[in-house]
>>> print(open('protein.cif').read())   # mmCIF, C-alpha atoms; chains and numbers go by the auth columns
data_data
loop_
_atom_site.group_PDB
_atom_site.id
_atom_site.type_symbol
_atom_site.label_atom_id
_atom_site.label_comp_id
_atom_site.label_asym_id
_atom_site.label_seq_id
_atom_site.Cartn_x
_atom_site.Cartn_y
_atom_site.Cartn_z
_atom_site.B_iso_or_equiv
_atom_site.auth_seq_id
_atom_site.auth_asym_id
ATOM 1 C CA MET A 1 85.915 -67.120 -148.359 0.00 1024 A
ATOM 2 C CA ARG A 2 83.438 -67.553 -151.202 0.00 1025 A
ATOM 3 C CA HIS A 3 84.892 -67.636 -154.713 0.00 1026 A
ATOM 4 C CA GLN A 4 83.699 -65.204 -157.343 0.00 1027 A
ATOM 5 C CA PRO A 5 81.621 -66.482 -160.252 0.00 1028 A
ATOM 6 C CA PRO A 6 83.240 -66.584 -163.696 0.00 1029 A
ATOM 7 C CA LEU A 7 83.734 -63.278 -165.509 0.00 1030 A
ATOM 8 C CA ILE A 8 82.479 -63.099 -169.090 0.00 1031 A
ATOM 9 C CA MET A 9 83.543 -60.256 -171.379 0.00 1032 A
ATOM 10 C CA VAL A 10 81.009 -59.406 -174.095 0.00 1033 A
ATOM 11 C CA VAL A 11 82.292 -57.303 -177.002 0.00 1034 A
ATOM 12 C CA ASP A 12 79.836 -55.864 -179.515 0.00 1035 A
ATOM 13 C CA ASP A 13 79.136 -52.412 -180.930 0.00 1036 A
ATOM 14 C CA ASN A 14 75.397 -53.157 -180.788 0.00 1037 A
ATOM 15 C CA VAL A 15 74.385 -51.837 -177.350 0.00 1038 A
ATOM 16 C CA PRO A 16 70.918 -53.477 -177.307 0.00 1039 A
ATOM 17 C CA PHE A 17 72.596 -56.858 -177.921 0.00 1040 A
ATOM 18 C CA LEU A 18 75.046 -56.161 -175.076 0.00 1041 A
ATOM 19 C CA ASP A 19 72.150 -55.275 -172.774 0.00 1042 A
ATOM 20 C CA VAL A 20 70.270 -58.498 -173.548 0.00 1043 A
ATOM 21 C CA VAL A 21 73.337 -60.721 -173.192 0.00 1044 A
ATOM 22 C CA GLU A 22 74.277 -59.014 -169.925 0.00 1045 A
ATOM 23 C CA VAL A 23 70.808 -59.713 -168.497 0.00 1046 A
ATOM 24 C CA VAL A 24 70.851 -63.337 -169.695 0.00 1047 A
ATOM 25 C CA LEU A 25 74.308 -64.089 -168.284 0.00 1048 A
ATOM 26 C CA SER A 26 73.948 -62.161 -165.027 0.00 1049 A
ATOM 27 C CA SER A 27 70.579 -63.816 -164.371 0.00 1050 A
ATOM 28 C CA ARG A 28 72.499 -67.104 -164.322 0.00 1051 A
ATOM 29 C CA GLY A 29 74.942 -65.635 -161.797 0.00 1052 A
ATOM 30 C CA TYR A 30 77.876 -64.810 -164.052 0.00 1053 A
ATOM 31 C CA ARG A 31 79.816 -61.572 -163.722 0.00 1054 A
ATOM 32 C CA VAL A 32 79.585 -59.690 -167.009 0.00 1055 A
ATOM 33 C CA ALA A 33 81.792 -56.947 -168.433 0.00 1056 A
ATOM 34 C CA CYS A 34 80.659 -55.251 -171.648 0.00 1057 A
ATOM 35 C CA CYS A 35 82.691 -53.344 -174.194 0.00 1058 A
ATOM 36 C CA THR A 36 81.655 -51.686 -177.458 0.00 1059 A
ATOM 37 C CA ASP A 37 85.137 -51.156 -178.916 0.00 1060 A
ATOM 38 C CA PRO A 38 87.382 -54.099 -179.875 0.00 1061 A
ATOM 39 C CA ASP A 39 90.590 -52.135 -179.223 0.00 1062 A
ATOM 40 C CA ASP A 40 89.450 -51.192 -175.722 0.00 1063 A
ATOM 41 C CA ALA A 41 88.260 -54.764 -175.244 0.00 1064 A
ATOM 42 C CA LEU A 42 91.716 -56.219 -175.807 0.00 1065 A
ATOM 43 C CA ALA A 43 93.219 -53.946 -173.152 0.00 1066 A
ATOM 44 C CA ARG A 44 90.435 -54.849 -170.718 0.00 1067 A
ATOM 45 C CA ILE A 45 90.795 -58.568 -171.473 0.00 1068 A
ATOM 46 C CA ARG A 46 94.523 -58.342 -170.742 0.00 1069 A
ATOM 47 C CA ALA A 47 93.820 -56.531 -167.463 0.00 1070 A
ATOM 48 C CA GLU A 48 90.715 -58.375 -166.248 0.00 1071 A
ATOM 49 C CA LYS A 49 91.478 -61.887 -167.584 0.00 1072 A
ATOM 50 C CA PRO A 50 87.873 -63.014 -168.139 0.00 1073 A
ATOM 51 C CA HIS A 51 87.029 -66.705 -168.045 0.00 1074 A
ATOM 52 C CA LEU A 52 85.304 -66.434 -171.446 0.00 1075 A
ATOM 53 C CA VAL A 53 84.823 -63.875 -174.237 0.00 1076 A
ATOM 54 C CA VAL A 54 81.751 -63.412 -176.444 0.00 1077 A
ATOM 55 C CA ALA A 55 82.566 -61.193 -179.447 0.00 1078 A
ATOM 56 C CA ASP A 56 80.710 -60.033 -182.526 0.00 1079 A
ATOM 57 C CA VAL A 57 82.471 -60.764 -185.805 0.00 1080 A
ATOM 58 C CA MET A 58 81.653 -57.415 -187.427 0.00 1081 A
ATOM 59 C CA MET A 59 82.198 -54.284 -185.381 0.00 1082 A
ATOM 60 C CA ALA A 60 83.992 -50.991 -186.038 0.00 1083 A
ATOM 61 C CA GLY A 61 86.700 -52.698 -188.077 0.00 1084 A
ATOM 62 C CA LEU A 62 85.823 -54.931 -191.009 0.00 1085 A
ATOM 63 C CA ASP A 63 86.974 -58.120 -189.271 0.00 1086 A
ATOM 64 C CA SER A 64 87.322 -56.805 -185.742 0.00 1087 A
ATOM 65 C CA GLY A 65 85.883 -59.915 -184.041 0.00 1088 A
ATOM 66 C CA PHE A 66 88.231 -62.182 -185.973 0.00 1089 A
ATOM 67 C CA SER A 67 91.136 -59.841 -185.224 0.00 1090 A
ATOM 68 C CA LEU A 68 90.265 -59.741 -181.524 0.00 1091 A
ATOM 69 C CA SER A 69 90.068 -63.531 -181.287 0.00 1092 A
ATOM 70 C CA ARG A 70 93.384 -63.888 -183.153 0.00 1093 A
ATOM 71 C CA GLN A 71 95.068 -61.491 -180.710 0.00 1094 A
ATOM 72 C CA ILE A 72 93.616 -63.283 -177.675 0.00 1095 A
ATOM 73 C CA LYS A 73 94.668 -66.742 -178.889 0.00 1096 A
ATOM 74 C CA GLY A 74 98.084 -65.378 -179.902 0.00 1097 A
ATOM 75 C CA ASN A 75 98.825 -64.096 -176.395 0.00 1098 A
ATOM 76 C CA PRO A 76 100.334 -66.842 -174.188 0.00 1099 A
ATOM 77 C CA GLU A 77 98.631 -65.429 -171.076 0.00 1100 A
ATOM 78 C CA LEU A 78 95.208 -65.382 -172.750 0.00 1101 A
ATOM 79 C CA ALA A 79 95.414 -68.257 -175.246 0.00 1102 A
ATOM 80 C CA GLY A 80 93.342 -70.582 -173.052 0.00 1103 A
ATOM 81 C CA THR A 81 90.435 -68.134 -172.857 0.00 1104 A
ATOM 82 C CA PRO A 82 87.397 -69.648 -174.599 0.00 1105 A
ATOM 83 C CA ILE A 83 85.896 -67.426 -177.295 0.00 1106 A
ATOM 84 C CA ILE A 84 82.377 -67.477 -178.710 0.00 1107 A
ATOM 85 C CA LEU A 85 82.041 -65.520 -181.947 0.00 1108 A
ATOM 86 C CA VAL A 86 78.576 -64.261 -182.891 0.00 1109 A
ATOM 87 C CA THR A 87 77.304 -62.656 -186.074 0.00 1110 A
ATOM 88 C CA ALA A 88 74.177 -61.650 -187.917 0.00 1111 A
ATOM 89 C CA LEU A 89 75.973 -62.375 -191.205 0.00 1112 A
ATOM 90 C CA THR A 90 74.654 -65.791 -192.094 0.00 1113 A
ATOM 91 C CA SER A 91 73.440 -67.328 -195.326 0.00 1114 A
ATOM 92 C CA ARG A 92 70.105 -65.542 -194.874 0.00 1115 A
ATOM 93 C CA ARG A 93 71.921 -62.238 -195.450 0.00 1116 A
ATOM 94 C CA GLY A 94 73.924 -63.390 -198.464 0.00 1117 A
ATOM 95 C CA PHE A 95 77.160 -63.829 -196.502 0.00 1118 A
ATOM 96 C CA ASP A 96 77.923 -66.797 -194.349 0.00 1119 A
ATOM 97 C CA PHE A 97 80.723 -66.910 -191.808 0.00 1120 A
ATOM 98 C CA THR A 98 79.361 -70.072 -190.182 0.00 1121 A
ATOM 99 C CA PRO A 99 82.192 -72.598 -189.838 0.00 1122 A
ATOM 100 C CA ARG A 100 81.335 -75.967 -191.359 0.00 1123 A
ATOM 101 C CA THR A 101 84.145 -77.999 -189.831 0.00 1124 A
ATOM 102 C CA PRO A 102 86.184 -77.965 -186.618 0.00 1125 A
ATOM 103 C CA GLU A 103 89.140 -76.848 -188.743 0.00 1126 A
ATOM 104 C CA GLU A 104 87.233 -73.790 -189.994 0.00 1127 A
ATOM 105 C CA LEU A 105 86.262 -72.933 -186.411 0.00 1128 A
ATOM 106 C CA ALA A 106 89.902 -73.283 -185.314 0.00 1129 A
ATOM 107 C CA ALA A 107 90.996 -71.040 -188.206 0.00 1130 A
ATOM 108 C CA MET A 108 88.702 -68.368 -186.737 0.00 1131 A
ATOM 109 C CA ASN A 109 90.574 -68.684 -183.425 0.00 1132 A
ATOM 110 C CA ALA A 110 87.231 -69.399 -181.775 0.00 1133 A
ATOM 111 C CA ASP A 111 85.862 -72.169 -179.606 0.00 1134 A
ATOM 112 C CA ALA A 112 82.246 -71.707 -180.687 0.00 1135 A
ATOM 113 C CA PHE A 113 80.160 -69.781 -183.184 0.00 1136 A
ATOM 114 C CA LEU A 114 76.552 -68.632 -182.794 0.00 1137 A
ATOM 115 C CA ALA A 115 74.277 -66.848 -185.271 0.00 1138 A
ATOM 116 C CA LYS A 116 72.317 -63.768 -184.225 0.00 1139 A
ATOM 117 C CA PRO A 117 69.722 -63.502 -182.984 0.00 1140 A
ATOM 118 C CA VAL A 118 71.176 -65.742 -180.299 0.00 1141 A
ATOM 119 C CA ALA A 119 68.651 -67.740 -178.300 0.00 1142 A
ATOM 120 C CA PRO A 120 69.346 -67.189 -174.575 0.00 1143 A
ATOM 121 C CA GLU A 121 69.311 -70.920 -173.765 0.00 1144 A
ATOM 122 C CA ALA A 122 71.696 -71.684 -176.641 0.00 1145 A
ATOM 123 C CA LEU A 123 74.093 -69.025 -175.378 0.00 1146 A
ATOM 124 C CA LEU A 124 73.907 -70.308 -171.810 0.00 1147 A
ATOM 125 C CA ARG A 125 74.467 -73.929 -172.907 0.00 1148 A
ATOM 126 C CA LYS A 126 77.530 -72.934 -174.940 0.00 1149 A
ATOM 127 C CA VAL A 127 78.942 -70.766 -172.126 0.00 1150 A
ATOM 128 C CA GLU A 128 78.499 -73.587 -169.604 0.00 1151 A
ATOM 129 C CA GLU A 129 80.021 -76.137 -171.995 0.00 1152 A
ATOM 130 C CA LEU A 130 83.096 -74.015 -172.699 0.00 1153 A
ATOM 131 C CA LEU A 131 83.637 -73.071 -169.061 0.00 1154 A
ATOM 132 C CA ALA A 132 83.418 -76.750 -168.102 0.00 1155 A
ATOM 133 C CA ARG A 133 86.047 -77.607 -170.729 0.00 1156 A
ATOM 134 C CA SER A 134 88.323 -74.713 -169.838 0.00 1157 A
ATOM 135 C CA ALA A 135 91.178 -75.579 -167.510 0.00 1158 A
ATOM 136 C CA GLY A 136 90.942 -73.809 -164.178 0.00 1159 A
ATOM 137 C CA ALA A 137 87.487 -72.384 -164.865 0.00 1160 A
ATOM 138 C CA GLU A 138 84.331 -73.126 -162.961 0.00 1161 A
ATOM 139 C CA THR A 139 82.715 -76.357 -164.126 0.00 1162 A
ATOM 140 C CA SER A 140 79.159 -75.242 -163.566 0.00 1163 A
ATOM 141 C CA ALA A 141 77.086 -72.128 -163.441 0.00 1164 A
ATOM 142 C CA PRO A 142 77.367 -70.158 -160.210 0.00 1165 A
ATOM 143 C CA ASP A 143 74.510 -70.020 -157.762 0.00 1166 A
ATOM 144 C CA PRO A 144 72.149 -67.181 -158.735 0.00 1167 A
#
>>> encode(input="protein.cif", output="structure tokens")
Amino acid sequence: MRHQPPLIMVVDDNVPFLDVVEVVLSSRGYRVACCTDPDDALARIRAEKPHLVVADVMMAGLDSGFSLSRQIKGNPELAGTPIILVTALTSRRGFDFTPRTPEELAAMNADAFLAKPVAPEALLRKVEELLARSAGAETSAPDP
């Protein structure tokens, strides 16, 4: 029996971003689940147990991406799930959530941080790196 490729949950209230990320990840053979609401996302993450989560920092709630990552990492069943936080709020916009140290990244309850617009190859490299590091996850991209 052939194993299923890793499932990646993408959470963002920006539907065009979701569409692009879904195409990028699925073209590499990953299964992708998308969600526009962080509250719904948490329920789906608990039920579907994705291998990795990509979440926007700023969604419906002021810090909804941070809150979502905190809830994932605080749940013993989900704590090992790698999380990539993404945001358009960088120094170019007058705000900068970019972590400058590993400690700042850990305080965000995230395993990686990417600025929007996210380059497809940068996203794929980070996804592959985190899945390889994650215990029990696939160590390479699935066959397309």
>>> atom_distance(input="protein.cif", atom1="atom CA of A:Pro1105", atom2="atom CA of A:Ala1130")
14.1 Å
>>> atom_distance(input="protein.cif", atom1="atom CA of A:Asn1037", atom2="atom CA of A:Gly1103")
26.2 Å
>>> closest_residue(input="protein.cif", among="A:Ala1135, A:Ala1129, A:Cys1057, A:Leu1154", to="A:Asp1042", atoms="all atoms listed in the file")
A:Cys1057
>>> closest_residue(input="protein.cif", among="A:Arg1123, A:Arg1156, A:Ala1066, A:Val1044", to="A:Ala1142", atoms="only C-alpha atoms")
A:Val1044
>>> closest_residue(input="protein.cif", among="A:Val1150, A:Arg1054, A:Pro1061, A:Phe1136", to="A:Ala1083", atoms="all atoms listed in the file")
A:Pro1061
>>> decode(input="protein.cif", residues="stretch 1026-1057 of chain A", atoms="N, CA and C atoms", output="PDB file, in the first residue's frame")
ATOM      1  N   HIS A1026       1.962   4.999   0.741  1.00  0.00           N
ATOM      2  CA  HIS A1026       1.655   5.980   1.784  1.00  0.00           C
ATOM      3  C   HIS A1026       1.211   7.297   1.157  1.00  0.00           C
ATOM      4  N   GLN A1027       0.433   8.043   1.931  1.00  0.00           N
ATOM      5  CA  GLN A1027      -0.039   9.337   1.447  1.00  0.00           C
ATOM      6  C   GLN A1027       1.043  10.393   1.662  1.00  0.00           C
ATOM      7  N   PRO A1028       1.121  11.361   0.766  1.00  0.00           N
ATOM      8  CA  PRO A1028       2.082  12.450   0.968  1.00  0.00           C
ATOM      9  C   PRO A1028       1.686  13.299   2.173  1.00  0.00           C
ATOM     10  N   PRO A1029       2.624  14.067   2.706  1.00  0.00           N
ATOM     11  CA  PRO A1029       2.323  14.911   3.863  1.00  0.00           C
ATOM     12  C   PRO A1029       1.180  15.890   3.587  1.00  0.00           C
ATOM     13  N   LEU A1030       0.391  16.132   4.636  1.00  0.00           N
ATOM     14  CA  LEU A1030      -0.707  17.093   4.578  1.00  0.00           C
ATOM     15  C   LEU A1030      -0.234  18.415   5.179  1.00  0.00           C
ATOM     16  N   ILE A1031      -0.440  19.494   4.441  1.00  0.00           N
ATOM     17  CA  ILE A1031      -0.077  20.824   4.906  1.00  0.00           C
ATOM     18  C   ILE A1031      -1.348  21.660   5.004  1.00  0.00           C
ATOM     19  N   MET A1032      -1.576  22.230   6.183  1.00  0.00           N
ATOM     20  CA  MET A1032      -2.719  23.116   6.398  1.00  0.00           C
ATOM     21  C   MET A1032      -2.240  24.556   6.230  1.00  0.00           C
ATOM     22  N   VAL A1033      -2.911  25.299   5.355  1.00  0.00           N
ATOM     23  CA  VAL A1033      -2.576  26.703   5.120  1.00  0.00           C
ATOM     24  C   VAL A1033      -3.740  27.555   5.627  1.00  0.00           C
ATOM     25  N   VAL A1034      -3.434  28.485   6.529  1.00  0.00           N
ATOM     26  CA  VAL A1034      -4.463  29.300   7.171  1.00  0.00           C
ATOM     27  C   VAL A1034      -4.179  30.775   6.880  1.00  0.00           C
ATOM     28  N   ASP A1035      -5.088  31.394   6.152  1.00  0.00           N
ATOM     29  CA  ASP A1035      -4.936  32.808   5.795  1.00  0.00           C
ATOM     30  C   ASP A1035      -6.291  33.328   5.344  1.00  0.00           C
ATOM     31  N   ASP A1036      -6.628  34.557   5.706  1.00  0.00           N
ATOM     32  CA  ASP A1036      -7.900  35.116   5.251  1.00  0.00           C
ATOM     33  C   ASP A1036      -7.783  35.775   3.877  1.00  0.00           C
ATOM     34  N   ASN A1037      -6.611  35.706   3.278  1.00  0.00           N
ATOM     35  CA  ASN A1037      -6.371  36.233   1.939  1.00  0.00           C
ATOM     36  C   ASN A1037      -6.490  35.077   0.946  1.00  0.00           C
ATOM     37  N   VAL A1038      -7.648  34.960   0.304  1.00  0.00           N
ATOM     38  CA  VAL A1038      -7.921  33.822  -0.583  1.00  0.00           C
ATOM     39  C   VAL A1038      -6.941  33.740  -1.754  1.00  0.00           C
ATOM     40  N   PRO A1039      -6.568  34.844  -2.402  1.00  0.00           N
ATOM     41  CA  PRO A1039      -5.574  34.725  -3.480  1.00  0.00           C
ATOM     42  C   PRO A1039      -4.246  34.126  -2.996  1.00  0.00           C
ATOM     43  N   PHE A1040      -3.815  34.484  -1.783  1.00  0.00           N
ATOM     44  CA  PHE A1040      -2.599  33.887  -1.228  1.00  0.00           C
ATOM     45  C   PHE A1040      -2.789  32.386  -1.032  1.00  0.00           C
ATOM     46  N   LEU A1041      -3.942  31.989  -0.481  1.00  0.00           N
ATOM     47  CA  LEU A1041      -4.233  30.561  -0.304  1.00  0.00           C
ATOM     48  C   LEU A1041      -4.164  29.828  -1.635  1.00  0.00           C
ATOM     49  N   ASP A1042      -4.761  30.424  -2.667  1.00  0.00           N
ATOM     50  CA  ASP A1042      -4.778  29.785  -3.988  1.00  0.00           C
ATOM     51  C   ASP A1042      -3.370  29.568  -4.517  1.00  0.00           C
ATOM     52  N   VAL A1043      -2.514  30.583  -4.392  1.00  0.00           N
ATOM     53  CA  VAL A1043      -1.140  30.469  -4.890  1.00  0.00           C
ATOM     54  C   VAL A1043      -0.370  29.409  -4.108  1.00  0.00           C
ATOM     55  N   VAL A1044      -0.463  29.458  -2.790  1.00  0.00           N
ATOM     56  CA  VAL A1044       0.267  28.494  -1.958  1.00  0.00           C
ATOM     57  C   VAL A1044      -0.227  27.075  -2.225  1.00  0.00           C
ATOM     58  N   GLU A1045      -1.528  26.917  -2.409  1.00  0.00           N
ATOM     59  CA  GLU A1045      -2.066  25.585  -2.713  1.00  0.00           C
ATOM     60  C   GLU A1045      -1.484  25.049  -4.018  1.00  0.00           C
ATOM     61  N   VAL A1046      -1.402  25.883  -5.037  1.00  0.00           N
ATOM     62  CA  VAL A1046      -0.828  25.456  -6.320  1.00  0.00           C
ATOM     63  C   VAL A1046       0.646  25.098  -6.155  1.00  0.00           C
ATOM     64  N   VAL A1047       1.397  25.943  -5.454  1.00  0.00           N
ATOM     65  CA  VAL A1047       2.831  25.705  -5.261  1.00  0.00           C
ATOM     66  C   VAL A1047       3.068  24.385  -4.533  1.00  0.00           C
ATOM     67  N   LEU A1048       2.359  24.172  -3.431  1.00  0.00           N
ATOM     68  CA  LEU A1048       2.579  22.964  -2.629  1.00  0.00           C
ATOM     69  C   LEU A1048       2.054  21.710  -3.320  1.00  0.00           C
ATOM     70  N   SER A1049       0.879  21.794  -3.916  1.00  0.00           N
ATOM     71  CA  SER A1049       0.324  20.605  -4.579  1.00  0.00           C
ATOM     72  C   SER A1049       1.126  20.243  -5.820  1.00  0.00           C
ATOM     73  N   SER A1050       1.742  21.229  -6.472  1.00  0.00           N
ATOM     74  CA  SER A1050       2.574  20.916  -7.639  1.00  0.00           C
ATOM     75  C   SER A1050       3.806  20.114  -7.240  1.00  0.00           C
ATOM     76  N   ARG A1051       4.183  20.185  -5.972  1.00  0.00           N
ATOM     77  CA  ARG A1051       5.309  19.413  -5.457  1.00  0.00           C
ATOM     78  C   ARG A1051       4.833  18.078  -4.875  1.00  0.00           C
ATOM     79  N   GLY A1052       3.516  17.835  -4.943  1.00  0.00           N
ATOM     80  CA  GLY A1052       2.978  16.550  -4.518  1.00  0.00           C
ATOM     81  C   GLY A1052       2.404  16.509  -3.118  1.00  0.00           C
ATOM     82  N   TYR A1053       2.424  17.620  -2.412  1.00  0.00           N
ATOM     83  CA  TYR A1053       1.860  17.653  -1.068  1.00  0.00           C
ATOM     84  C   TYR A1053       0.339  17.705  -1.129  1.00  0.00           C
ATOM     85  N   ARG A1054      -0.307  17.146  -0.113  1.00  0.00           N
ATOM     86  CA  ARG A1054      -1.741  17.347   0.070  1.00  0.00           C
ATOM     87  C   ARG A1054      -1.893  18.675   0.797  1.00  0.00           C
ATOM     88  N   VAL A1055      -2.858  19.478   0.378  1.00  0.00           N
ATOM     89  CA  VAL A1055      -3.023  20.810   0.950  1.00  0.00           C
ATOM     90  C   VAL A1055      -4.470  21.001   1.387  1.00  0.00           C
ATOM     91  N   ALA A1056      -4.635  21.479   2.616  1.00  0.00           N
ATOM     92  CA  ALA A1056      -5.950  21.869   3.125  1.00  0.00           C
ATOM     93  C   ALA A1056      -5.868  23.358   3.432  1.00  0.00           C
ATOM     94  N   CYS A1057      -6.857  24.115   2.991  1.00  0.00           N
ATOM     95  CA  CYS A1057      -6.862  25.566   3.192  1.00  0.00           C
ATOM     96  C   CYS A1057      -8.009  25.973   4.100  1.00  0.00           C
TER      97      CYS A1057
END
